[in-house]
Structure formats: C-alpha cells, structure tokens
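> Submitted below is the structure of interest, expressed as structure tokens.
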Amino acid sequence: MKTAGEKLKREPLVHISKRAALPFWKSWLIRILSIVASLVVCAVIIVLFTGDNPFAIYGTMIKGAVGTSRRVWNLMQNVAMLLCVSLAVTPAFKMRFWNIGAEGQVLMGGLATAACMILFGNKLPPALLMLVIIAASILAGAIWALIPAIFKAFWNTNETLFTLMMNYIAMQIVAYFVYIWSVPKGSGKIGVINATTNAGWLPSIGHNSYLLNIIIVAVLTVLVYVYLKYSKHGYEISVVGESENTAKYIGINVKKVIIRTMLLSGALCGVAGLLLVSGTDHTITRDTAGGRGFTAIMVSWLAKFNPLYMVLTALLIAFMQKGATEISTVFGLNDSFSDIITGIIIFFIIGSEFFINYAVKFRSHKEVEAK
Amino acid sequence: MEKTPAIALKNITKVFGKIVANKNVSLTVYNHEILSILGENGSGKTTLMNMISGIYHPDEGQIFIGGKEASIQSPRDAYRYKIGMIHQHFKLVDVFGATENIILGIEDGRYDPKTAQRTIMATCEKYGFEIDFSKKIYQMSVSEKQTVEIVKALYRGADILILDEPTAVLTPQEIQKLFAVLRRMRDDGKAIIIITHKLNEVMEISDRVSVLRKGEYVGTINTAEANESILTEMMVGQKVSLNIERTDPKNIEKRLVLTNVSVNSNDGRPILKNVNFTAYAGEILGIAGISGSGQKELLESIAGLQQLRSGSIIYFNPKTGREEDLRDKTPLQIKNLGVRLSFVPEDRLGMGLVGSMSIIDNMMLRSYREGKSVFVRRKEPHDLADRIIDELQVVTPDAQTPVRRLSGGNVQKVLVGREIAASPTVLMVAYPVRGLDINSSYLIYNLLTKQKESGVAVIFVGEDLDVLTELCDRILVISGGVVTGIVDGRSATKEELGLLMTKAKHTEEEGTK
C-alpha cells in the first residue's frame with residue numbers, strides 16, 4: 001500500500017539519537033581520542049600560521065608546566081587555587097543556580113583577609129589574628145553570595161545577571177580600598193602586607209610556602225565530595241537542581257536550600273580569597289581572583305560536578321595555561337596564540353561529551369538506492 | 001448554499017509504537033459547515049488533526065483536499081493546501097505585537113507591516129474580530145491571543161480552519177463572541193473543524209458531529225438530529241466487563257473532609273469552585289472528569305501544594321482521634337502533624353520522581369530525613385528498591401539505574417510502590433495506569449484494592465470510565481472545577497458519568513465572578 005505521501009518521504013542524511021549509557025572505558029576512550037584529535041588540529045594550525053615544529057611547541061608546553069621542580073610547585077599551587085574556586089561553585093551549579101559571581105565572592109574574601117592583616121596585623125597575637133582572618137574572609141564571601149540568593153529565593157530574580165553584577169561591585173570596592181591603603185600613599189598599590197613581621201601570613205610548611213594551601217584544598221575536596229554525595233543537604237541540593245516540583249512535593253523548603261547552598265558556595269569562595277591573599281600573594285589587587293571565578297565554572301562542568309574528577313580537569317586547564325604562557329615567551333609568539341591552542345583543546349574536550357551522549361548515524365546506502 | 005467537500009479523510013491509521021492512535025478513520029468536512037469532533041481523552045482527536053495540519057504523517061490512508069489527493073508533509077504544506085490550525089497552546093512570540101506575529105514566517109520577499117496591517121484590519125472587519133494593534137502579545141488576554149491566532153490563519157489564506165479545544169480557556173462571554181465569528185466565517189464559505197468535549201457547545205455551534213472513541217471512528221450525525229444522551233452514548237460506547245475484584249468496604253470511617261474548597265490559577269481564573277466531599281477510610285473514591293477540570297489542583301490542595309482561596313480540608317487522625325486542618329500547610333508541616341498522606345501525581349518524572357537519580361535515591365525521597373545523622377542512609381532504601389523491583393516486577397538492570405532510563409510503566413510501578421510502602425492512611429493516585437499494559441494495570445488495581453481493604457482512604461483519579469465503575473466504591477464527577485455529582489460506583493452507568501462530566505454550570509460560573 002504505497003501512497004503519494006510515502007513516496008515523498010525523505011530520510012535525513014545524518015541521524016542523531018540519544019545513546020543508552022556507555023561503558024566506562026568507552027566514554028574515556030572517546031575523551032582521550034578527542035584530546036588526540038585536538039592536538040592534531042593544533043599541530044596543523046601551528047604549522048600553517050607559525051611554521052614552527054608542533055612537537056617542539058608541545059615539548060615546550062610540557063617543559064613550561066612541569067620542567068623544573070619550582071614549576072611543578074607553581075603548577076600545583078595554581079591547580080589548588082583553581083580547584084578551590086571550582087569546589088565553591090559546584091554546590092550552586094548542582095542546584096542549577098548559575099553562580100557566575102565567584103570572582104566577586106573570592107575578591108571579597110580576599111579583601112576581608114587583607115583588611116584584617118592591615119588593621120590588626122601588629123595588634124593581635126598571631127593565633128587570634130589567624131582566627132579573625134578566617135572568620136572574616138568566610139563571612140565576606142558568604143555575604144556576597146547571600147545577597148543574590150535571597151533575591152532569587154524570595155523574588156525569583158535572575159541569579160546569572162545578579163551574581164555577574166556583584167562581581168563588578170566587588171572589583172570597585174577593592175579598587176577603592178587599594179587606593180585608601182596604598183603604600184606609599186597615592187601609588188595605587190598596596191604592595192606586600194606586613195613584609196617584615198609576616199603577620200597574618202599563612203605559615204609555610206618546611207621550605208615550601210604553597211604546601212599548606214595545597215593540603216587545605218585537598219581536604220576541602222574530600223569534604224565537598226562527601227557533603228554532596230552522602231549528606232542529607234547534598235541530597236536536597238540534587239533534588240532541587242533536578243526538579244523544583246519534586247522538591248516541593250516531598251516537602252523540601254526550596255528557599256532554605258537555595259540560601260543555605262549559596263552561603264556555603266560563598267564561604268568556600270571566601271576561603272579561596274584567604275588562600276590567595278594570606279597564603280600566596282600577601283597583597284590584594286583588583287585582579288587577585290584572576291578570572292578563576294569563571295574558569296572554575298568550566299572545571300566544574302567538565303567534571304560533571306564530581307569533586308574528585310575536578311582534580312583532573314583543574315590540572316588539565318592549569319597545565320594548559322602554564323604551557324601556553326611558556327610557548328609565547330620561548331617562541332616569541334603572540335599571547336593570543338596560546339589562547340587559540342587552549343581554546344581548541346577545550347573545545348574538543350567539551351565536544352566529546354556530545355559524542356558520549358549521542359550516537360550519530362549516517363544514512364545507509366541501501367535506503368538511498370531504494371529511491 | 002452550495003456544499004462541496006473541502007477535505008475528506010479516507011481510512012486514516014496512525015500508530016505510535018504499540019499504541020493505535022487512529023484506526024481507519026474516514027470523515028468529510030464541507031465548505032459552509034462547522035463540524036465538531038467529539039471524543040474522550042485519548043480518543044485520537046488531536047492526533048487526527050495533527051495529521052491534517054502536517055505535524056504527523058498518517059501510516060495508512062489518504063487525505064483529499066478539494067477532491068484531489070494531498071500529501072501534507074509539514075505545517076508549511078498545510079498552509080499551501082489552505083489549512084490553518086489553531087492549537088490549544090498558542091504559538092505566538094510574546095514580545096511582538098499582533099501584526100508581527102501574523103506576518104511572521106511568510107516568505108514573500110518583503111517585510112511591510114503597514115500594508116499587512118491594513119489587510120489584517122480588513123479581515124477583522126469582515127468577520128468581526130477585535131484586535132488592539134498597540135498591544136504586545138504578553139499584554140493580551142487569552143481570548144485576544146486566540147483572536148490573533150485565528151486571524152493569522154486567515155491571513156495566510158486558510159479556507160479550512162481547525163480549532164483544538166478553543167473554548168477550554170475562555171469565559172462564557174468570550175465563547176459567545178468566538179461562536180459569532182465562527183458562524184460568520186462559515187457563512188463566508190469556510191470549512192471549520194472544532195475539537196471539543198463539551199456537549200452543550202457541540203449542540204450550539206456545529207452543523208454536524210463526528211465522534212471518535214479509543215482511536216476509532218464511531219460515526220457522524222447531524223446536530224439537528226442529535227441530543228446529549230445520543231452523543232454521550234456514541235462517545236463512551238458499550239460497557240466492557242473488566243472483572244476487577246471489588247470487595248465491599250468494611251469499617252468505614254471519616255478520614256478527610258473537604259468543605260467549600262476553592263482554588264484560583266495564578267492569573268486569577270477560578271479552577272476549583274466550592275468543592276465539598278468526604279473521603280472514607282476503607283473505600284476507593286473515584287474522581288472522574290475531562291482532563292483539566294481541576295483534578296490536579298484538587299489533589300495538590302490536599303497535598304499542601306496549592307494555595308486555597310477559601311474552604312477547609314479536615315483530616316481525622318485515626319491514631320489520636322484529633323482533627324487537623326491541612327489548609328495553608330506545607331507538605332512537611334502536614335507530614336509532621338502525623339498525617340500519612342501518599343500521593344502519586346500525574347507528572348511522574350516531573351513531580352513524583354527525579355529522573356536522573358537511581359531507583360534507590362528515588363526511594364529515599366520520602367524517608368531521607370529520618371534519623372539525626374547529617375548523612376543519608378542508603379541501606380533501607382536499597383532494600384525497599386529491591387523489594388519493589390521484585391514484587392511489582394519492575395524491568396530494570398539493577399536498583400542503581402536512573403529511573404529516566406526505565407519505560408513508562410516501570411517508572412509508574414516504582415512511584416506507586418514507593419508511595420504504598422510509606423503505609424499511608426490516605427492514598428491519592430492520579431492516572432496510575434496511564435501508559436501501562438493490561439497486566440501491569442491489573443497489578444495496580446489489585447494493589448489499590450488491597451490498600452482499601454487494609455483501611456486506607458484511596459482517592460483515584462481516572463480517565464477510563466469502565467475502570468472507574470468497576471474499581472471504585474463511589475465516584476465523584478468534576479466538570480470545570482465544580483463537583484457535578486457523587487454517584488455510587490456499583491450502580492453508576494457510563495452514560496450517567498459522561499453526562500455529568502460534560503455538564504457545564506454556567507449559572508454558577510456567573511455567580512462566583
């Protein structure tokens with residue numbers, strides 16, 4: 001029974017369908033293949049635009065990131081800082097609350113740390129000073145996250161815009177205080193705070209000043225993982241994120257969960273600010289957060305909000321950034337060139353998720369011939 | 001008046017997987033005519049119309065337009081054949097005005113809203129439409145949006161107009177206005193198809209009525225020769241015996257009393273109007289009604305998910321003997337009062353379960369708060385999941401599988417199983433067998449009967465009248481948010497229920513305004 005309609009039917013050339021779950025090894029094979037493919041594409045671009053040997057460039061990238069033990073420590077420190085901010089944004093994202101204000105929350109935490117170091121630095125005993133710094137930085141980050149959370153919970157404002165705008169406010173506040181506290185007056189820079197007394201500095205373990213930062217972040221990673229996976233709060237976050245209707249149906253107070261989770265997110269950002277100011281830079285500028293608030297979003301998403309995988313994604317991105325900076329200096333390439341390479345590799349990694357979730361089938365020849 | 005066939009369907013069949021949505025449907029619509037298509041939920045009305053408007057393609061059968069065979073592959077093709085469909089949910093761009101929406105998507109090479117607006121105004125004048133061109137869509141009322149949709153179809157030259165439940169969202173006055181323009185369009189020679197299940201409107205507006213039942217074409221009858229009971233009989237058909245085991249209620253006692261419960265929608269439309277009923281422990285109370293008559297809001301009011309405008313919901317606690325008013329309480333407050341309420345909502349994955357979570361984690365939804373620990377315990381939920389998979393024969397690789405990966409019937413078993421496992425005193429279920437095969441359906445019916453026998457007050461919202469009359473002890477019928485009757489389940493007939501379901505209470509609607 002052939003009708004006119006059936007004759008007119010056209011099969012699309014490419015058919016995309018959702019896959020059932022892939023086995024673990026297969027999804028990782030796709031991811032690894034995508035990184036290999038991205039390196040090939042990068043190699044082509046390197047040859048086309050610079051004429052340099054792509055393998056030399058890759059070699060330099062690796063050397064730049066992990067070439068010397070100082071560089072390895074530097075890389076670890078960078079991974080730790082990026083990971084810390086990523087841990088902070090993860091509970092919010094898991095709740096489908098688009099917190100893109102981590103940058104501002106980190107800055108406020110850093111500003112609170114710097115304020116305590118400057119104002120109480122030589123007046124309080126070191127232990128007490130440290131406690132005050134910890135409390136102040138956590139509080140500052142939490143408050144900066146609490147404001148958009150309250151507006152979201154009670155008036156359903158758009159949290160994306162709200163948190164983004166809070167970043168700019170935080171930057172201006174920091175700029176203002178940098179001016180007030182600048183040393184010497186009017187220079188527009190604070191410089192190293194308490195350089196002689198080291199008051200309010202995070203203590204260094206042995207010779208390495210970054211080791212404590214790394215340990216703190218490692219502990220936080222495990223805590224956030226356990227919190228999200230095994231605690232009642234973590235369970236509520238998942239339910240609210242997946243379906244607000246279900247949350248209401250089983251009697252979860254959605255407003256409370258939003259506010260509580262954002263307080264946590266902001267508090268962790270505050271800790272990141274503390275580690276950056278008191279544990280790393282010992283000063284504050286408008287750029288202290290260094291874009292980590294945004295890069296962290298990528299780290300968190302790539303790892304599908306799993307804090308343990310985030311160690312890997314943070315390492316990958318920090319590695320790429322270090323390596324890219326290195327090639328721009330060694331080969332005298334423009335800074336943008338390293339960004340191009342980083343961009344291509346990340347594009348492929350994100351793109352691989354599509355092939356993990358969907359099967360792409362081409363129209364088979366049989367059907368074409370049948371026409 | 002000359003009457004020529006505008007569109008004719010011959011032996012149309014459409015199958016979705018195993019479900020036959022339309023089977024051998026043949027019908028003809030003439031110019032200068034309004035045809036009603038009448039049928040219960042799931043009788044295949046909308047599927048049929050979607051095939052005419054190019055959204056689906058029939059598996060078998062032919063469509064003739066103006067006497068010639070037509071192949072409608074897309075909504076664009078439908079417009080070429082001068083067919084315009086007005087969907088139940090409007091497809092308009094909110095931030096545009098009427099003119100922009102009407103000319104949107106017409107590819108004639110120029111964009112000239114001024115000339116277009118003049119043409120539109122001429123059309124409006126001809127048929128008596130009223131459009132405020134200064135308003136954006138989001139500023140318009142539902143009725144104004146509908147007008148824009150109809151004019152949009154006419155502007156594209158539609159001669160055959162299909163309206164899917166056009167009166168569902170209108171007030172009685174707006175319905176009269178709509179009917180007036182429909183009559184004028186008919187007199188102008190257009191062929192008009194209205195999908196509806198309101199008998200009084202069928203009688204009022206249409207020239208002929210075609211009836212569908214469970215996907216099959218029952219027949220066409222001239223409205224002048226029809227009356228409401230003939231149409232009801234065509235719509236619901238002969239009684240089918242299902243042999244559900246129904247035991248007599250024992251130890252009946254008051255469990256839940258609703259008094260004058262009224263609920264408004266967010267935009268202020270009344271959805272429930274002065275609902276009164278009592279649910280008893282040890283019986284199954286059925287709720288019958290056309291979908292969207294307020295069943296969802298009724299159950300959600302009891303579960304603490306709807307804001308009541310007035311009325312009270314009193315729960316009689318069998319343990320303490322106390323009476324608790326559930327009004328203005330959140331689900332958690334209700335639970336903390338010791339009210340053991342289980343609720344299987346209509347929207348399984350959107351409300352009852354979390355699609356991306358495993359069966360185990362979904363089991364925890366009800367119980368995860370138990371205990372003082374800050375951590376969740378997954379052992380008991382795991383045991384429960386295994387038990388439900390075993391007892392209800394849930395087809396799944398394991399208890400770790402996300403429920404989204406399960407088929408509809410298995411999702412439903414997981415949800416019903418969990419709700420019953422909470423050993424409720426009141427069990428509310430909405431369309432629990434929708435999408436299930438016969439065996440699974442009986443499994444659910446037997447579970448509900450068992451619950452009733454153990455002294456639970458069961459409230460069952462259903463759509464199949466055969467099931468309602470065989471399963472329930474009493475049946476409450478709701479129409480347009482008004483309880484139109486509570487009948488005995490053992491003596492009620494489908495015709496009686498069908499009439500109550502389609503009974504409109506215009507006088508009461510006026511009264512509550």
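Naming works like this for the structure tokens: A, B, ... for the chains as they're shown, residue 1 at the start of each chain, ligands 1 onward in shown order.
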Within 7 Å of stretch 314-321 of chain B, which residues of stretch 253-294 of chain B come that close, and what is the closest atom pair and distance in Å for each? Count only C-alpha atoms and give it as JSON lines.


```
{"residue": "B:Lys254", "atom": "CA", "partner": "B:Phe316", "partner_atom": "CA", "distance": 6.7}
{"residue": "B:Arg255", "atom": "CA", "partner": "B:Phe316", "partner_atom": "CA", "distance": 4.9}
{"residue": "B:Leu256", "atom": "CA", "partner": "B:Tyr315", "partner_atom": "CA", "distance": 4.6}
{"residue": "B:Val257", "atom": "CA", "partner": "B:Ile314", "partner_atom": "CA", "distance": 5.1}
{"residue": "B:Leu258", "atom": "CA", "partner": "B:Ile314", "partner_atom": "CA", "distance": 6.4}
```

> Go ahead and write the residues just picked, C-alpha atoms, as a JSON list (two decimals), in the first residue's frame.


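That gives us selection_10.json:
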```
[["chain", "number", "residue", "atom", "x", "y", "z"],
["B", 254, "LYS", "CA", -14.37, 9.56, 58.04],
["B", 255, "ARG", "CA", -10.81, 10.35, 57.06],
["B", 256, "LEU", "CA", -10.79, 13.53, 55.02],
["B", 257, "VAL", "CA", -13.49, 16.17, 54.72],
["B", 258, "LEU", "CA", -13.28, 19.00, 52.19]]
```

> If we count only C-alpha atoms, which residues of chain A reach to within 7 Å of chain B? Please list them as a list in words.

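Applying the cut-off to the listed atoms yields Ala4, Gly5, Tyr230, Ser231, Lys232, Val239, Glu242, Ser243, Asn245, Thr246, Tyr249, Ile250 and Gly251 of chain A.
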
> Taking 4 positions as the minimum chain separation for residues in the same chain, which residues sit within 8 Å of A:Val311 when counting only C-alpha atoms? Answer as a PDB file with C-alpha atoms, in the first residue's frame.


```pdb
ATOM      1  CA  VAL A  79      45.694  23.793  40.409  1.00  0.00           C
ATOM      2  CA  LEU A  83      40.202  23.753  42.321  1.00  0.00           C
ATOM      3  CA  PRO A 307      34.909  16.997  43.077  1.00  0.00           C
ATOM      4  CA  LEU A 315      45.023  20.084  36.445  1.00  0.00           C
TER       5      LEU A 315
END
```

> Write out as a PyMOL selection string each polymer residue whose atoms come within 10 Å of B:Val218, counting only C-alpha atoms; drop sequence neighbours fewer than 6 positions from it.

chain B and resi 25-26+39+210-212+234-235+237

> For a quick check of understanding, using only C-alpha atoms, which of A:Phe24, A:Phe93, A:Phe362, A:Trp73 has the smallest distance to A:Val299?

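Under the stated criterion, the closest residue is A:Phe93.
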
> DSSP on the backbone, helix (DSSP H, G or I) only: what residues of stretch 289-356 of chain B does that give? Format it as an MDAnalysis selection string.

chainID B and resid 295:302 331:336 348:352

> Next, the residues of the selection above should be written as a compact mmCIF listing (two decimals), in the first residue's frame with all heavy atoms.


```txt
# COMPACT_ATOMS: atom_id res chain seq x y z
N GLN B 295 -8.86 18.30 38.52
CA GLN B 295 -8.45 17.13 39.31
C GLN B 295 -7.06 17.34 39.92
O GLN B 295 -6.83 17.06 41.09
CB GLN B 295 -8.39 15.87 38.44
CG GLN B 295 -9.68 15.46 37.80
CD GLN B 295 -9.82 15.99 36.39
OE1 GLN B 295 -9.47 17.14 36.12
NE2 GLN B 295 -10.34 15.19 35.49
N LYS B 296 -6.15 17.86 39.08
CA LYS B 296 -4.77 18.03 39.52
C LYS B 296 -4.74 18.99 40.72
O LYS B 296 -4.12 18.70 41.74
CB LYS B 296 -3.96 18.60 38.36
CG LYS B 296 -2.54 18.90 38.64
CD LYS B 296 -1.79 19.19 37.33
CE LYS B 296 -0.47 19.83 37.56
NZ LYS B 296 -0.51 21.30 37.57
N GLU B 297 -5.43 20.09 40.60
CA GLU B 297 -5.43 21.09 41.66
C GLU B 297 -6.08 20.56 42.92
O GLU B 297 -5.67 20.89 44.03
CB GLU B 297 -6.14 22.37 41.20
CG GLU B 297 -5.36 23.17 40.17
CD GLU B 297 -5.41 22.59 38.77
OE1 GLU B 297 -6.18 21.62 38.55
OE2 GLU B 297 -4.67 23.07 37.89
N LEU B 298 -7.10 19.71 42.74
CA LEU B 298 -7.78 19.14 43.90
C LEU B 298 -6.81 18.29 44.73
O LEU B 298 -6.68 18.46 45.94
CB LEU B 298 -8.96 18.30 43.41
CG LEU B 298 -9.84 17.66 44.48
CD1 LEU B 298 -10.41 18.74 45.39
CD2 LEU B 298 -10.95 16.86 43.85
N LEU B 299 -6.11 17.39 44.04
CA LEU B 299 -5.16 16.53 44.76
C LEU B 299 -4.04 17.37 45.36
O LEU B 299 -3.61 17.14 46.49
CB LEU B 299 -4.57 15.46 43.83
CG LEU B 299 -5.56 14.45 43.25
CD1 LEU B 299 -4.80 13.33 42.57
CD2 LEU B 299 -6.49 13.89 44.30
N GLU B 300 -3.55 18.35 44.59
CA GLU B 300 -2.45 19.17 45.09
C GLU B 300 -2.88 20.02 46.29
O GLU B 300 -2.07 20.31 47.16
CB GLU B 300 -1.90 20.06 43.98
CG GLU B 300 -1.13 19.25 42.95
CD GLU B 300 -0.45 20.09 41.89
OE1 GLU B 300 -0.56 21.33 41.94
OE2 GLU B 300 0.18 19.51 41.01
N SER B 301 -4.15 20.40 46.33
CA SER B 301 -4.64 21.15 47.50
C SER B 301 -4.53 20.30 48.74
O SER B 301 -4.09 20.76 49.80
CB SER B 301 -6.11 21.56 47.32
OG SER B 301 -6.28 22.29 46.16
N ILE B 302 -4.93 19.05 48.63
CA ILE B 302 -4.88 18.16 49.79
C ILE B 302 -3.43 17.92 50.20
O ILE B 302 -3.10 17.88 51.37
CB ILE B 302 -5.59 16.82 49.47
CG1 ILE B 302 -7.05 17.08 49.13
CG2 ILE B 302 -5.46 15.85 50.63
CD1 ILE B 302 -7.79 15.87 48.61
N PRO B 331 3.78 20.66 52.64
CA PRO B 331 3.81 19.20 52.73
C PRO B 331 4.56 18.70 53.97
O PRO B 331 4.16 17.71 54.57
CB PRO B 331 4.56 18.80 51.45
CG PRO B 331 4.30 19.91 50.50
CD PRO B 331 4.20 21.15 51.32
N LEU B 332 5.63 19.42 54.35
CA LEU B 332 6.40 18.98 55.50
C LEU B 332 5.61 19.16 56.79
O LEU B 332 5.61 18.28 57.66
CB LEU B 332 7.72 19.76 55.57
CG LEU B 332 8.74 19.21 56.55
CD1 LEU B 332 9.10 17.78 56.20
CD2 LEU B 332 9.99 20.08 56.58
N GLN B 333 4.90 20.29 56.89
CA GLN B 333 4.07 20.52 58.08
C GLN B 333 2.99 19.45 58.20
O GLN B 333 2.70 18.96 59.29
CB GLN B 333 3.43 21.91 58.01
CG GLN B 333 4.41 23.03 58.30
CD GLN B 333 3.81 24.39 58.01
OE1 GLN B 333 3.04 24.57 57.07
NE2 GLN B 333 4.19 25.37 58.81
N ILE B 334 2.41 19.10 57.04
CA ILE B 334 1.37 18.07 57.05
C ILE B 334 1.95 16.76 57.56
O ILE B 334 1.36 16.08 58.39
CB ILE B 334 0.78 17.90 55.63
CG1 ILE B 334 -0.02 19.16 55.27
CG2 ILE B 334 -0.10 16.67 55.55
CD1 ILE B 334 -0.57 19.16 53.87
N LYS B 335 3.15 16.45 57.07
CA LYS B 335 3.79 15.20 57.49
C LYS B 335 4.08 15.23 58.99
O LYS B 335 3.87 14.25 59.69
CB LYS B 335 5.09 15.03 56.69
CG LYS B 335 5.68 13.65 56.82
CD LYS B 335 6.96 13.52 56.06
CE LYS B 335 7.65 12.26 56.51
NZ LYS B 335 8.74 11.86 55.69
N ASN B 336 4.57 16.39 59.46
CA ASN B 336 4.92 16.50 60.87
C ASN B 336 3.71 16.43 61.79
O ASN B 336 3.84 16.17 62.98
CB ASN B 336 5.72 17.77 61.13
CG ASN B 336 7.10 17.69 60.50
OD1 ASN B 336 7.57 16.60 60.20
ND2 ASN B 336 7.72 18.83 60.28
N ARG B 348 4.80 12.09 36.59
CA ARG B 348 5.62 11.15 37.36
C ARG B 348 7.06 11.63 37.48
O ARG B 348 7.59 11.74 38.57
CB ARG B 348 5.61 9.79 36.68
CG ARG B 348 4.23 9.22 36.58
CD ARG B 348 4.18 8.12 35.56
NE ARG B 348 2.80 7.80 35.24
CZ ARG B 348 2.46 6.94 34.30
NH1 ARG B 348 3.40 6.33 33.61
NH2 ARG B 348 1.21 6.70 34.06
N LEU B 349 7.69 11.91 36.34
CA LEU B 349 9.10 12.27 36.40
C LEU B 349 9.31 13.73 36.79
O LEU B 349 10.37 14.10 37.27
CB LEU B 349 9.78 11.99 35.06
CG LEU B 349 10.00 10.50 34.76
CD1 LEU B 349 10.61 10.32 33.40
CD2 LEU B 349 10.88 9.87 35.82
N GLY B 350 8.29 14.56 36.57
CA GLY B 350 8.46 15.98 36.87
C GLY B 350 8.12 16.32 38.31
O GLY B 350 8.49 17.37 38.81
N MET B 351 7.39 15.43 39.00
CA MET B 351 7.00 15.75 40.36
C MET B 351 7.20 14.58 41.32
O MET B 351 7.73 14.75 42.41
CB MET B 351 5.55 16.19 40.38
CG MET B 351 5.11 16.69 41.73
SD MET B 351 3.38 17.14 41.76
CE MET B 351 3.50 18.89 42.01
N GLY B 352 6.80 13.41 40.91
CA GLY B 352 6.85 12.28 41.83
C GLY B 352 8.24 11.70 42.01
O GLY B 352 8.57 11.17 43.05
```

> At what distance in Å, to one decimal, does atom CA of B:Met121 lie from atom CA of B:Gly97?

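Atom-to-atom, atom CA of B:Gly97 and atom CA of B:Met121 are spaced 13.9 Å apart.
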
> Hey, what's within 7 Å of B:Gly215 if we count only C-alpha atoms and toss same-chain stuff fewer than 4 positions away? As a list in words, please?

Val20, Ala21, Asn22, Lys23, Ser43 and Gly44 of chain B

> Could you pull out the strand (DSSP E) residues of stretch 179-399 of chain B from DSSP and send them as number ranges by chain?

B: 191-196, 208-213, 216-222, 253-264, 270-281, 284-288, 310-316, 323-325, 341-344

> To one decimal place, how far is atom CA of A:Ser38 from atom CA of A:Ile345 in Å?

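Taking atom CA of A:Ser38 as the start and atom CA of A:Ile345 as the end point, the length is 5.2 Å.
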
> Pick out the closest residue to B:Ala281 from this set: B:Leu9, B:Leu427, B:Leu182, B:Ile137. Count only C-alpha atoms.

B:Leu427

> Suppose you want the space between atom CA of B:Phe90 and atom CA of B:Glu201; what is it in Å?

21.2 Å

> With only C-alpha atoms as the atoms that count, which of B:Leu170, B:Leu154, B:Ile37, B:Ile193 lies nearest to B:Tyr79?

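Answer, going by the shortest atom-to-atom distance: B:Leu154.
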
> Might you pull out every residue within 7 Å of stretch 274-280 of chain A, with only C-alpha atoms counted and same-chain residues fewer than 3 positions away left off, and present them as a ChimeraX atom specification?

/A:109-110,113-114,137,200-202,213,270-271,283-284

> Excluding stretch 450-459 of chain B and any residue of its chain fewer than 4 positions from it, enumerate the residues within 9 Å of it, using only C-alpha atoms, and give them as a ChimeraX atom specification.

/B:247-256,279-287,299,420,423-430,445-446
